[in-house]
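File shown here: start-v7.txt, holding compact mmCIF, C-alpha atoms.
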# COMPACT_ATOMS: atom_id res chain seq x y z
CA MET A 13 0.00 0.00 0.00
CA ASP A 14 2.87 2.33 0.92
CA SER A 15 4.50 1.79 -2.43
CA ILE A 16 1.27 2.77 -4.21
CA ILE A 17 0.94 5.97 -2.14
CA GLU A 18 4.61 6.68 -2.77
CA GLY A 19 3.93 6.05 -6.48
CA PHE A 20 1.12 8.62 -6.47
CA ASN A 21 3.32 11.18 -4.65
CA ARG A 22 6.13 10.76 -7.17
CA ALA A 23 3.65 10.81 -10.04
CA PHE A 24 2.32 14.21 -8.94
CA LEU A 25 5.89 15.46 -8.60
CA LEU A 26 6.61 14.35 -12.20
CA ILE A 27 3.51 16.17 -13.42
CA PHE A 28 4.13 19.39 -11.48
CA ASN A 29 7.82 19.46 -12.40
CA LEU A 30 6.91 19.00 -16.08
CA ASP A 31 9.30 16.07 -16.38
CA ALA A 32 10.93 16.04 -19.82
CA GLU A 33 10.43 12.31 -20.43
CA LEU A 34 6.78 12.59 -19.40
CA LEU A 35 6.21 15.54 -21.72
CA SER A 36 7.86 13.86 -24.70
CA ILE A 37 5.67 10.77 -24.22
CA ILE A 38 2.53 12.92 -24.02
CA PHE A 39 3.44 14.94 -27.10
CA LEU A 40 4.24 11.81 -29.10
CA SER A 41 0.86 10.30 -28.11
CA LEU A 42 -0.96 13.46 -29.17
CA ARG A 43 1.05 13.70 -32.40
CA VAL A 44 0.41 10.09 -33.41
CA SER A 45 -3.30 10.10 -32.54
CA GLY A 46 -3.83 13.63 -33.86
CA THR A 47 -2.21 12.78 -37.21
CA ALA A 48 -4.25 9.57 -37.47
CA LEU A 49 -7.42 11.54 -36.78
CA LEU A 50 -6.50 14.16 -39.38
CA ILE A 51 -5.92 11.49 -42.04
CA VAL A 52 -9.13 9.69 -41.10
CA SER A 53 -11.10 12.94 -41.25
CA ILE A 54 -9.77 13.83 -44.69
CA MET A 55 -10.65 10.36 -46.03
CA GLY A 56 -13.56 9.36 -43.83
CA ILE A 57 -15.83 12.40 -43.95
CA PRO A 58 -16.08 12.56 -47.76
CA ILE A 59 -16.57 8.78 -47.90
CA SER A 60 -19.31 8.89 -45.27
CA ALA A 61 -20.96 11.75 -47.20
CA LEU A 62 -20.76 9.72 -50.38
CA ILE A 63 -22.31 6.60 -48.87
CA SER A 64 -24.99 8.70 -47.16
CA LEU A 65 -26.02 10.79 -50.15
CA LYS A 66 -25.42 8.55 -53.15
CA LYS A 67 -26.86 5.25 -54.23
CA PHE A 68 -24.49 2.52 -55.34
CA PRO A 69 -24.43 -1.28 -55.45
CA ALA A 70 -23.63 -3.06 -52.16
CA LYS A 71 -24.10 0.18 -50.19
CA GLY A 72 -25.89 -1.68 -47.38
CA LEU A 73 -23.10 -4.24 -47.23
CA PHE A 74 -20.45 -1.51 -47.03
CA ILE A 75 -22.29 0.19 -44.14
CA SER A 76 -22.68 -3.17 -42.32
CA VAL A 77 -18.96 -3.88 -42.76
CA MET A 78 -18.05 -0.43 -41.39
CA ASN A 79 -20.36 -0.90 -38.41
CA THR A 80 -18.80 -4.30 -37.73
CA LEU A 81 -15.26 -2.93 -38.00
CA MET A 82 -16.04 -0.32 -35.32
CA GLY A 83 -15.34 -3.08 -32.83
CA LEU A 84 -12.14 -4.17 -34.55
CA PRO A 85 -9.72 -5.66 -31.96
CA PRO A 86 -6.58 -3.45 -31.86
CA VAL A 87 -4.24 -6.44 -31.67
CA VAL A 88 -5.68 -7.81 -34.91
CA VAL A 89 -5.03 -4.44 -36.57
CA GLY A 90 -1.54 -4.47 -35.05
CA LEU A 91 -0.91 -7.94 -36.45
CA PHE A 92 -2.20 -6.96 -39.91
CA VAL A 93 -0.11 -3.78 -40.07
CA TYR A 94 2.92 -5.70 -38.74
CA ILE A 95 2.60 -8.30 -41.53
CA MET A 96 2.24 -5.55 -44.13
CA LEU A 97 5.23 -3.57 -42.85
CA SER A 98 7.57 -6.38 -41.86
CA ARG A 99 10.58 -6.96 -44.09
CA SER A 100 8.91 -9.87 -45.89
CA GLY A 101 5.62 -7.96 -46.16
CA PRO A 102 4.29 -6.24 -49.30
CA ILE A 103 5.39 -2.77 -48.19
CA GLY A 104 8.26 -3.83 -45.97
CA PHE A 105 10.72 -2.04 -48.28
CA MET A 106 9.47 1.29 -46.91
CA GLY A 107 11.07 0.54 -43.56
CA LEU A 108 8.16 1.88 -41.53
CA LEU A 109 7.98 -0.86 -38.89
CA TYR A 110 8.77 0.37 -35.38
CA THR A 111 8.35 4.01 -36.35
CA PRO A 112 5.69 6.57 -35.38
CA SER A 113 4.42 6.28 -39.00
CA ALA A 114 3.55 2.63 -38.41
CA MET A 115 1.63 3.64 -35.29
CA ILE A 116 -0.23 6.31 -37.27
CA ILE A 117 -1.17 3.73 -39.92
CA ALA A 118 -2.50 1.34 -37.26
CA GLN A 119 -4.50 4.06 -35.52
CA THR A 120 -5.85 5.31 -38.84
CA ILE A 121 -7.16 1.82 -39.62
CA LEU A 122 -8.75 1.62 -36.17
CA ALA A 123 -10.37 5.07 -36.36
CA PHE A 124 -11.55 4.88 -39.98
CA PRO A 125 -14.68 2.71 -39.46
CA ILE A 126 -15.63 4.73 -36.37
CA VAL A 127 -15.51 8.03 -38.24
CA VAL A 128 -17.25 6.63 -41.35
CA SER A 129 -20.04 4.90 -39.36
CA LEU A 130 -20.74 7.77 -36.97
CA CYS A 131 -20.55 10.43 -39.70
CA HIS A 132 -22.82 8.33 -41.91
CA SER A 133 -25.35 8.10 -39.05
CA ALA A 134 -25.13 11.86 -38.51
CA ILE A 135 -25.67 12.66 -42.19
CA VAL A 136 -28.58 10.27 -42.75
CA SER A 137 -30.23 11.66 -39.60
CA VAL A 138 -30.58 15.10 -41.18
CA ASN A 139 -34.26 15.77 -41.83
CA PRO A 140 -35.07 15.16 -45.55
CA ILE A 141 -36.84 18.53 -45.67
CA ILE A 142 -33.41 20.21 -45.49
CA LYS A 143 -32.51 18.68 -48.85
CA GLN A 144 -35.82 19.80 -50.34
CA ALA A 145 -35.51 23.30 -48.89
CA SER A 146 -32.02 23.62 -50.30
CA MET A 147 -33.23 22.50 -53.74
CA THR A 148 -36.19 24.87 -53.73
CA LEU A 149 -33.81 27.75 -53.04
CA GLY A 150 -31.84 26.92 -56.19
CA ALA A 151 -28.90 24.92 -54.85
CA THR A 152 -26.97 22.65 -57.20
CA PRO A 153 -26.69 18.97 -56.17
CA LEU A 154 -23.19 19.67 -54.78
CA GLN A 155 -24.40 22.71 -52.81
CA THR A 156 -27.28 20.63 -51.45
CA SER A 157 -24.84 17.93 -50.31
CA VAL A 158 -22.63 20.53 -48.60
CA THR A 159 -25.70 21.97 -46.87
CA ILE A 160 -26.71 18.53 -45.57
CA ILE A 161 -23.17 17.87 -44.31
CA LYS A 162 -23.18 21.27 -42.56
CA GLU A 163 -26.46 20.38 -40.89
CA ALA A 164 -24.81 17.18 -39.66
CA ARG A 165 -21.72 19.01 -38.40
CA TYR A 166 -22.27 18.36 -34.70
CA GLY A 167 -22.79 14.64 -35.29
CA ILE A 168 -19.67 14.57 -37.46
CA MET A 169 -17.66 16.29 -34.73
CA SER A 170 -18.99 13.76 -32.21
CA GLY A 171 -17.76 10.96 -34.46
CA MET A 172 -14.32 12.50 -34.69
CA ILE A 173 -14.07 13.03 -30.95
CA ALA A 174 -15.20 9.46 -30.29
CA ALA A 175 -12.55 8.17 -32.72
CA PHE A 176 -9.85 10.29 -31.09
CA GLY A 177 -10.83 8.94 -27.67
CA ARG A 178 -10.58 5.39 -28.97
CA VAL A 179 -7.12 5.74 -30.56
CA MET A 180 -5.68 7.71 -27.64
CA ALA A 181 -6.59 4.89 -25.25
CA GLU A 182 -5.48 2.12 -27.60
CA VAL A 183 -2.43 0.00 -26.71
CA GLY A 184 -2.41 -3.34 -28.55
CA ALA A 185 -1.84 -2.22 -32.13
CA ILE A 186 0.77 0.44 -31.45
CA LEU A 187 2.67 -1.84 -29.12
CA ILE A 188 3.00 -4.41 -31.92
CA VAL A 189 3.90 -2.01 -34.75
CA GLY A 190 5.72 0.68 -32.75
CA GLY A 191 7.84 -1.60 -30.63
CA ASN A 192 7.64 0.71 -27.59
CA ILE A 193 11.09 2.19 -28.22
CA ALA A 194 12.04 4.74 -25.54
CA GLY A 195 12.13 8.29 -26.83
CA TYR A 196 10.92 7.22 -30.27
CA THR A 197 7.73 5.15 -30.32
CA ARG A 198 6.88 5.03 -26.63
CA VAL A 199 3.49 6.63 -26.02
CA MET A 200 1.35 6.97 -22.91
CA THR A 201 -0.51 3.65 -23.07
CA THR A 202 2.54 1.55 -23.98
CA THR A 203 4.59 3.26 -21.26
CA ILE A 204 1.92 2.49 -18.67
CA ALA A 205 1.95 -1.18 -19.73
CA LEU A 206 5.73 -1.39 -19.62
CA GLU A 207 6.29 0.50 -16.36
CA THR A 208 3.56 -1.48 -14.61
CA ASP A 209 5.27 -4.69 -15.72
CA LYS A 210 8.54 -3.38 -14.27
CA GLY A 211 6.88 -2.33 -11.02
CA ASN A 212 7.76 1.34 -11.60
CA PHE A 213 4.44 2.81 -10.71
CA GLU A 214 5.33 6.50 -10.53
CA LEU A 215 5.57 7.15 -14.29
CA ALA A 216 2.71 4.74 -14.98
CA ILE A 217 0.48 6.50 -12.47
CA ALA A 218 1.44 9.98 -13.72
CA LEU A 219 0.60 8.95 -17.29
CA GLY A 220 -2.56 7.25 -16.09
CA ILE A 221 -3.68 10.49 -14.45
CA ILE A 222 -2.90 12.45 -17.61
CA LEU A 223 -4.62 9.90 -19.84
CA LEU A 224 -7.70 10.06 -17.63
CA THR A 225 -7.59 13.86 -17.76
CA ILE A 226 -7.38 13.78 -21.55
CA SER A 227 -10.20 11.25 -21.64
CA LEU A 228 -12.27 13.54 -19.41
CA ALA A 229 -11.50 16.49 -21.67
CA ILE A 230 -12.49 14.47 -24.75
CA ASN A 231 -15.74 13.34 -23.17
CA SER A 232 -16.51 16.86 -21.98
CA ALA A 233 -15.93 18.11 -25.52
CA LEU A 234 -18.19 15.36 -26.84
CA HIS A 235 -20.91 16.26 -24.35
CA PHE A 236 -20.57 19.95 -25.21
CA VAL A 237 -20.79 19.27 -28.96
CA GLN A 238 -23.80 17.01 -28.51
CA ARG A 239 -25.59 19.62 -26.38
CA LYS A 240 -24.77 22.40 -28.82
CA GLY A 241 -25.92 20.25 -31.71
CA ALA A 242 -29.28 19.41 -30.13
CA ARG A 243 -31.89 21.28 -32.13
CA PRO A 244 -33.70 23.88 -29.99
CA VAL A 245 -37.16 22.77 -28.99
CA ASN A 246 -38.90 25.98 -27.91
CA ARG A 247 -41.13 26.01 -30.96
CA MET B 10 -39.67 38.48 -70.44
CA SER B 11 -42.17 37.21 -67.86
CA LEU B 12 -41.95 33.55 -66.90
CA ARG B 13 -44.99 31.41 -67.73
CA LEU B 14 -45.84 27.90 -66.64
CA ASN B 15 -47.91 25.40 -68.49
CA ILE B 16 -48.84 22.01 -67.12
CA SER B 17 -50.48 19.60 -69.46
CA ASP B 18 -52.10 16.24 -68.74
CA VAL B 19 -50.04 15.65 -65.58
CA TRP B 20 -50.50 12.37 -63.73
CA LYS B 21 -48.97 11.37 -60.41
CA SER B 22 -49.65 8.52 -58.02
CA TYR B 23 -48.06 7.29 -54.81
CA ASP B 24 -48.05 3.56 -54.04
CA GLY B 25 -50.61 3.02 -56.76
CA LYS B 26 -52.95 5.66 -55.33
CA PRO B 27 -53.65 8.37 -57.93
CA VAL B 28 -53.12 11.93 -56.69
CA LEU B 29 -53.08 13.93 -59.92
CA ASN B 30 -55.27 12.83 -62.82
CA ALA B 31 -54.68 14.51 -66.15
CA CYS B 32 -54.19 17.89 -64.47
CA SER B 33 -53.74 20.81 -66.88
CA PHE B 34 -53.45 24.56 -66.44
CA SER B 35 -51.54 27.61 -67.64
CA PHE B 36 -50.13 30.18 -65.23
CA ASP B 37 -49.83 32.99 -67.76
CA ARG B 38 -50.82 36.19 -66.08
CA ASN B 39 -49.18 37.97 -63.17
CA GLY B 40 -50.97 37.96 -59.83
CA VAL B 41 -51.88 35.61 -57.02
CA TYR B 42 -53.25 32.19 -57.90
CA VAL B 43 -54.84 30.36 -55.01
CA LEU B 44 -55.37 26.62 -55.21
CA THR B 45 -58.02 25.39 -52.84
CA GLY B 46 -59.51 21.99 -52.24
CA SER B 47 -59.91 19.42 -49.53
CA ASN B 48 -57.02 17.48 -48.04
CA GLY B 49 -55.72 14.93 -50.50
CA SER B 50 -57.04 16.77 -53.53
CA GLY B 51 -53.51 17.05 -54.90
CA LYS B 52 -52.65 20.71 -54.15
CA SER B 53 -49.26 20.06 -52.55
CA THR B 54 -48.27 17.46 -55.13
CA LEU B 55 -49.10 19.87 -57.92
CA LEU B 56 -46.99 22.60 -56.31
CA ARG B 57 -44.04 20.25 -55.84
CA ILE B 58 -44.22 19.17 -59.47
CA CYS B 59 -44.55 22.78 -60.63
CA ALA B 60 -41.55 23.73 -58.47
CA LEU B 61 -39.53 20.89 -60.08
CA ILE B 62 -38.97 19.10 -56.78
CA GLU B 63 -40.83 16.07 -58.09
CA SER B 64 -41.43 14.67 -61.54
CA PRO B 65 -44.84 13.67 -62.85
CA ASP B 66 -45.48 10.06 -63.83
CA LYS B 67 -46.86 11.33 -67.10
CA GLY B 68 -47.54 14.68 -68.70
CA GLU B 69 -45.68 17.89 -69.42
CA VAL B 70 -44.51 20.68 -67.13
CA ASN B 71 -43.02 23.47 -69.17
CA TYR B 72 -41.79 26.94 -68.35
CA PHE B 73 -41.83 29.54 -71.09
CA SER B 74 -40.10 32.82 -71.66
CA GLY B 75 -42.06 34.32 -74.53
CA ASN B 76 -42.70 31.36 -76.78
CA ASN B 77 -39.50 29.54 -75.90
CA ILE B 78 -39.50 26.53 -73.59
CA ILE B 79 -36.87 26.89 -70.85
CA SER B 80 -34.85 23.78 -70.00
CA LYS B 81 -35.39 22.50 -66.47
CA ASP B 82 -31.88 23.07 -65.16
CA THR B 83 -30.42 24.91 -62.17
CA GLY B 84 -30.81 28.18 -64.09
CA LEU B 85 -34.59 27.72 -64.19
CA ARG B 86 -34.78 26.41 -60.64
CA ARG B 87 -33.12 29.65 -59.54
CA ARG B 88 -35.95 31.67 -61.06
CA ILE B 89 -38.68 29.89 -59.08
CA THR B 90 -39.04 28.73 -55.50
CA LEU B 91 -41.37 26.81 -53.23
CA VAL B 92 -41.93 27.49 -49.54
CA LEU B 93 -42.57 24.05 -48.09
CA PRO B 94 -45.24 23.52 -45.40
CA GLY B 95 -42.53 22.54 -42.89
CA ILE B 96 -40.21 25.31 -44.20
CA GLY B 97 -37.02 23.32 -43.52
CA LEU B 98 -34.97 25.88 -41.64
CA PHE B 99 -31.25 25.29 -41.32
CA ASN B 100 -29.56 25.06 -37.92
CA ALA B 101 -28.12 28.56 -38.35
CA THR B 102 -29.04 32.15 -37.59
CA VAL B 103 -32.09 33.86 -39.04
CA PHE B 104 -29.68 35.97 -41.13
CA ASN B 105 -27.82 32.98 -42.55
CA ASN B 106 -31.06 31.17 -43.34
CA THR B 107 -32.30 34.17 -45.28
CA ALA B 108 -28.95 34.69 -46.99
CA TYR B 109 -28.72 31.07 -48.16
CA GLY B 110 -30.23 31.54 -51.60
CA LEU B 111 -28.04 34.56 -52.28
CA LYS B 112 -24.85 32.88 -51.04
CA ILE B 113 -25.29 29.85 -53.30
CA ARG B 114 -25.75 32.25 -56.20
CA GLY B 115 -22.39 33.80 -55.37
CA ASN B 116 -23.71 37.27 -54.56
CA LYS B 117 -21.38 39.78 -52.93
CA SER B 118 -21.48 40.07 -49.15
CA ASN B 119 -22.55 43.73 -49.01
CA GLU B 120 -25.36 42.99 -51.46
CA ILE B 121 -26.41 39.97 -49.38
CA GLU B 122 -26.39 42.04 -46.20
CA ARG B 123 -28.55 44.75 -47.74
CA ASN B 124 -31.08 42.39 -49.36
CA VAL B 125 -31.38 40.14 -46.32
CA ASN B 126 -31.95 43.10 -44.02
CA GLU B 127 -34.64 44.39 -46.38
CA ALA B 128 -36.37 41.00 -46.55
CA LEU B 129 -36.25 40.52 -42.79
CA LYS B 130 -37.65 44.01 -42.27
CA PHE B 131 -40.41 43.19 -44.76
CA VAL B 132 -41.51 40.17 -42.67
CA GLY B 133 -40.87 41.85 -39.30
CA LEU B 134 -37.93 39.69 -38.23
CA LEU B 135 -35.02 42.12 -38.51
CA HIS B 136 -34.71 42.29 -34.71
CA LYS B 137 -34.15 38.52 -34.61
CA LYS B 138 -31.55 38.28 -37.35
CA ASN B 139 -28.83 36.96 -35.04
CA HIS B 140 -31.07 34.41 -33.30
CA ASN B 141 -30.86 30.72 -34.14
CA ALA B 142 -33.68 30.16 -36.62
CA LEU B 143 -34.77 26.99 -34.83
CA THR B 144 -35.74 29.01 -31.75
CA LEU B 145 -38.44 30.94 -33.65
CA SER B 146 -42.16 30.41 -33.05
CA SER B 147 -44.28 28.71 -35.75
CA GLY B 148 -45.55 32.04 -37.05
CA GLU B 149 -42.05 33.52 -37.18
CA THR B 150 -40.84 30.35 -38.92
CA GLN B 151 -43.43 30.82 -41.67
CA ARG B 152 -42.43 34.45 -42.06
CA LEU B 153 -38.76 33.50 -42.26
CA GLY B 154 -39.60 30.88 -44.89
CA ILE B 155 -41.23 33.61 -46.98
CA ALA B 156 -38.32 36.03 -46.40
CA ARG B 157 -35.83 33.32 -47.43
CA ALA B 158 -37.78 32.77 -50.65
CA MET B 159 -38.53 36.39 -51.54
CA VAL B 160 -34.94 37.57 -51.00
CA ILE B 161 -33.86 35.66 -54.11
CA GLY B 162 -36.45 37.55 -56.16
CA PRO B 163 -38.24 34.55 -57.68
CA GLU B 164 -40.31 35.12 -60.79
CA MET B 165 -42.67 32.43 -59.59
CA LEU B 166 -43.22 31.83 -55.88
CA PHE B 167 -45.10 28.75 -54.66
CA LEU B 168 -46.43 28.76 -51.09
CA ASP B 169 -47.73 25.46 -49.75
CA GLU B 170 -50.21 26.01 -46.90
CA PRO B 171 -48.38 29.09 -45.58
CA THR B 172 -50.74 29.56 -42.62
CA ALA B 173 -51.80 25.99 -41.85
CA SER B 174 -50.08 25.68 -38.49
CA ILE B 175 -50.06 29.23 -37.12
CA ASP B 176 -52.38 31.38 -34.99
CA ASN B 177 -54.77 34.07 -36.24
CA GLU B 178 -52.40 36.93 -35.49
CA ASN B 179 -49.56 35.38 -37.50
CA THR B 180 -51.97 34.36 -40.25
CA GLN B 181 -52.91 38.02 -40.58
CA ILE B 182 -49.23 39.01 -40.72
CA VAL B 183 -48.44 36.38 -43.39
CA GLU B 184 -51.47 37.43 -45.45
CA ASP B 185 -50.36 41.07 -45.23
CA ILE B 186 -46.88 40.04 -46.44
CA ILE B 187 -48.43 38.22 -49.41
CA LEU B 188 -50.67 41.20 -50.22
CA ASN B 189 -47.65 43.54 -50.05
CA MET B 190 -45.75 41.23 -52.42
CA LYS B 191 -48.77 41.27 -54.69
CA LYS B 192 -48.66 45.09 -54.71
CA GLU B 193 -44.99 44.99 -55.70
CA ASP B 194 -46.02 42.76 -58.63
CA LYS B 195 -42.57 41.24 -59.03
CA SER B 196 -43.64 37.59 -59.21
CA LYS B 197 -46.47 35.24 -59.88
CA ILE B 198 -47.54 33.83 -56.53
CA ILE B 199 -49.21 30.42 -56.37
CA ILE B 200 -50.62 29.47 -52.99
CA ALA B 201 -52.14 26.17 -51.86
CA THR B 202 -54.60 26.50 -48.99
CA HIS B 203 -57.66 24.69 -47.77
CA ASP B 204 -58.98 27.90 -46.15
CA MET B 205 -61.65 29.23 -48.53
CA MET B 206 -61.96 32.57 -46.71
CA GLN B 207 -58.23 33.12 -47.04
CA ALA B 208 -58.37 32.10 -50.68
CA GLU B 209 -60.96 34.79 -51.36
CA ARG B 210 -58.94 37.41 -49.48
CA LEU B 211 -55.76 36.77 -51.45
CA ALA B 212 -56.69 35.47 -54.87
CA ASP B 213 -56.63 37.17 -58.21
CA PHE B 214 -57.30 33.74 -59.68
CA LEU B 215 -59.10 31.18 -57.57
CA LEU B 216 -58.58 27.56 -58.60
CA VAL B 217 -60.42 24.65 -57.06
CA MET B 218 -58.79 21.23 -57.06
CA LYS B 219 -60.85 18.12 -56.89
CA GLU B 220 -59.82 14.51 -57.39
CA GLY B 221 -56.45 15.40 -58.77
CA LYS B 222 -57.35 18.06 -61.29
CA ILE B 223 -58.19 21.74 -61.39
CA SER B 224 -61.93 21.56 -61.70
CA LYS B 225 -63.00 25.18 -61.43
CA VAL B 226 -61.38 28.52 -62.21

Whole structure, structure tokens version:
Amino acid sequence: MDSIIEGFNRAFLLIFNLDAELLSIIFLSLRVSGTALLIVSIMGIPISALISLKKFPAKGLFISVMNTLMGLPPVVVGLFVYIMLSRSGPIGFMGLLYTPSAMIIAQTILAFPIVVSLCHSAIVSVNPIIKQASMTLGATPLQTSVTIIKEARYGIMSGMIAAFGRVMAEVGAILIVGGNIAGYTRVMTTTIALETDKGNFELAIALGIILLTISLAINSALHFVQRKGARPVNR
Amino acid sequence: MSLRLNISDVWKSYDGKPVLNACSFSFDRNGVYVLTGSNGSGKSTLLRICALIESPDKGEVNYFSGNNIISKDTGLRRRITLVLPGIGLFNATVFNNTAYGLKIRGNKSNEIERNVNEALKFVGLLHKKNHNALTLSSGETQRLGIARAMVIGPEMLFLDEPTASIDNENTQIVEDIILNMKKEDKSKIIIATHDMMQAERLADFLLVMKEGKISKV
């Protein structure tokens, strides 16, 4: 019990002293997850708009697959990316294994179905009258699509925040493809796993506190966006 | 050249149930046309087909400028507009809702500002221009729907049941707005309503719809 209390005391000291190792781990986590989210947003939002607003063969199947992949086990993604990036893999020549880029690829794969599914739900939830109103006011099909996406903006933001929360807390995939190399690919979750294994609780606890704080901030942002996006009802 | 609309032998059915049956009419002259008739007589369907939101199963809907038929493209759709019964306000301010039609036409911002302010003043909503449009009352929503349509200066304005869900006071305001637009004589106004008294108050041309066709003029 004493060692745990001592661990907490040291953890708070690390946080308040802005320990350099702690900060570099936090920044790397934010950089990897932030980049993955950016890539997913650039690819995922247009794709979700396309599957929401256009008709094409096997559309239902595609949506079902995306919904299923939302629960994709991170270790499976880690294994898949590892096979792809390993020396004998199809893109092994790029030498990305055990780099932050490999971690970004893994997190992008994990976040993609979340963003596509949640953004698709948000876009198809927009009242059909919005499309009609836009058309009656002279909008082109593209302008109408943009209007519908704008109406779904709060739902889309919720999807992105949910995806960010998921990849920030993820450990399995990035541990496999990043290798948990100190000062290079070691992020918050992998450090917690490693330090706990070693019995060094202080850094693990400090990172745990910070991860929880980030998680709280993400959920607060999600709650705020969802409240702001709720259509006023005083009519 | 003034825009004219001719519908000829238009048929429309939903799930096998006929709504319009060989409906024909020409909207040639300027003024207010009021379509009346009981619920289900086909008023709203006819307006939606005229406003090019829906296509007929059979028949012709043609717009003319002089004797020339105008192709049904975005250019034509920007010369006409329909105010839907539910309006369909965007989750944005009253100003941005009103400015929508002008923004998508690429108008300049100072021009948009001036025209939107004028339109909002016309319908008595200028003081609410920075409010979220979804916080407006039903009557204000109808007025905003009209402002949003009139700001784009349509040559043909379709209003589907513009006072169906609002109180007497707001009905009076909306009717006054329509009568003021009529005085300005900038567009043909085609209104669908089941309120016969209102039809008589507003109409230059009173049309009665029955069983999917205009039966009396």

How big is the axis-aligned box around the listed atoms of region 112-124 of chain A once 4 Å is added on each side, and where is its centre? Give both in Å to one decimal, as JSON.
{"center_x": -2.9, "center_y": 4.0, "center_z": -37.6, "size_x": 25.2, "size_y": 13.2, "size_z": 12.7}

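Distance annotation: of A:Leu91, A:Ile121, A:Ile37, A:Leu154, the residue with the minimal separation from Lys66 (chain A) is A:Leu154; atom set is all atoms listed in the file.
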
- Starting from chain B, keep only residues with some atom at most 10 Å from an atom of chain A, counting all atoms listed in the file, and report them as a PyMOL selection string. chain B and resi 57+60-63+82-101+109-114+141-150+154+157-159+161+163+167

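Near (-0.5, 10.8, -23.9), the residues inside the 8 Å limit, counting only C-alpha atoms, come to Ile37, Ile38, Phe39, Leu40, Ser41, Leu42, Met180, Val199, Met200, Thr201, Leu219, Ile222, Leu223 and Ile226 of chain A.
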
- For a cut-off of 12 Å around (-57.7, 20.7, -54.2), file coordinates, pick out all residues using all atoms listed in the file and list them as a PyMOL selection string. chain B and resi 28-30+32+43-56+169-170+200-205+208+215-226

- Which residues come within 9 Å of Phe34 (chain B), counting only C-alpha atoms, excluding same-chain residues fewer than 4 positions away, as number ranges by chain? B: 14-18, 223

- Task: Write out as a PyMOL selection string the residues lying within 12 Å of Phe73 (chain B), counting all atoms listed in the file and excluding same-chain residues fewer than 6 positions away.
- Result: chain B and resi 10-16+35-37+79-81+85+88+164-165

- Quick one, how far is CA of Ile193 (chain A) from CA of Ile27 (chain A)? 21.7 Å

- Message: Between CA of Gln151 (chain B) and CA of Tyr72 (chain B), what distance in Å does the model show, to one decimal?
- Response: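 Interatomic distance here is 27.0 Å.
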
- Counting all atoms listed in the file, which of A:His132, A:Gly72, A:Tyr196, A:Ala205 gets nearest to Gly220 (chain A)?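 Using all atoms listed in the file, the shortest distance to Gly220 (chain A) belongs to A:Ala205.
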
- One-decimal distance in Å that lies between CA of Ile217 (chain A) and CA of Gly90 (chain A):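 Distance reported for this atom pair: 25.2 Å.
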
- Query: So which one's closest to Ser64 (chain B), B:Arg210, B:Val132, B:Val19, B:Leu188? Using only C-alpha atoms, please.
  - Reply: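 Ranking B:Arg210, B:Val132, B:Val19, B:Leu188 by distance to Ser64 (chain B), first place goes to B:Val19.
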
- Query: So, counting all atoms listed in the file, which residue among B:Asn179, B:Asn39, B:Asn126, B:Thr102 is closest to His140 (chain B)?
  - Reply: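 Going through B:Asn179, B:Asn39, B:Asn126, B:Thr102 one by one, the smallest distance to His140 (chain B) is for B:Thr102.
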
- Item | Residue with smallest distance to Leu129 (chain B) - pool B:Asn116, B:Gln207, B:Gln181, B:Thr107, counting all atoms listed in the file |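 Looking only at the distances to Leu129 (chain B), the closest residue turns out to be B:Thr107.
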
- Task: May I have the residues within 6 Å of region 60-65 of chain A as an NGL selection string, using only C-alpha atoms and disregarding those fewer than 2 positions away in the same chain?
- Result: :A and (56-58 or 128 or 131-132 or 136)
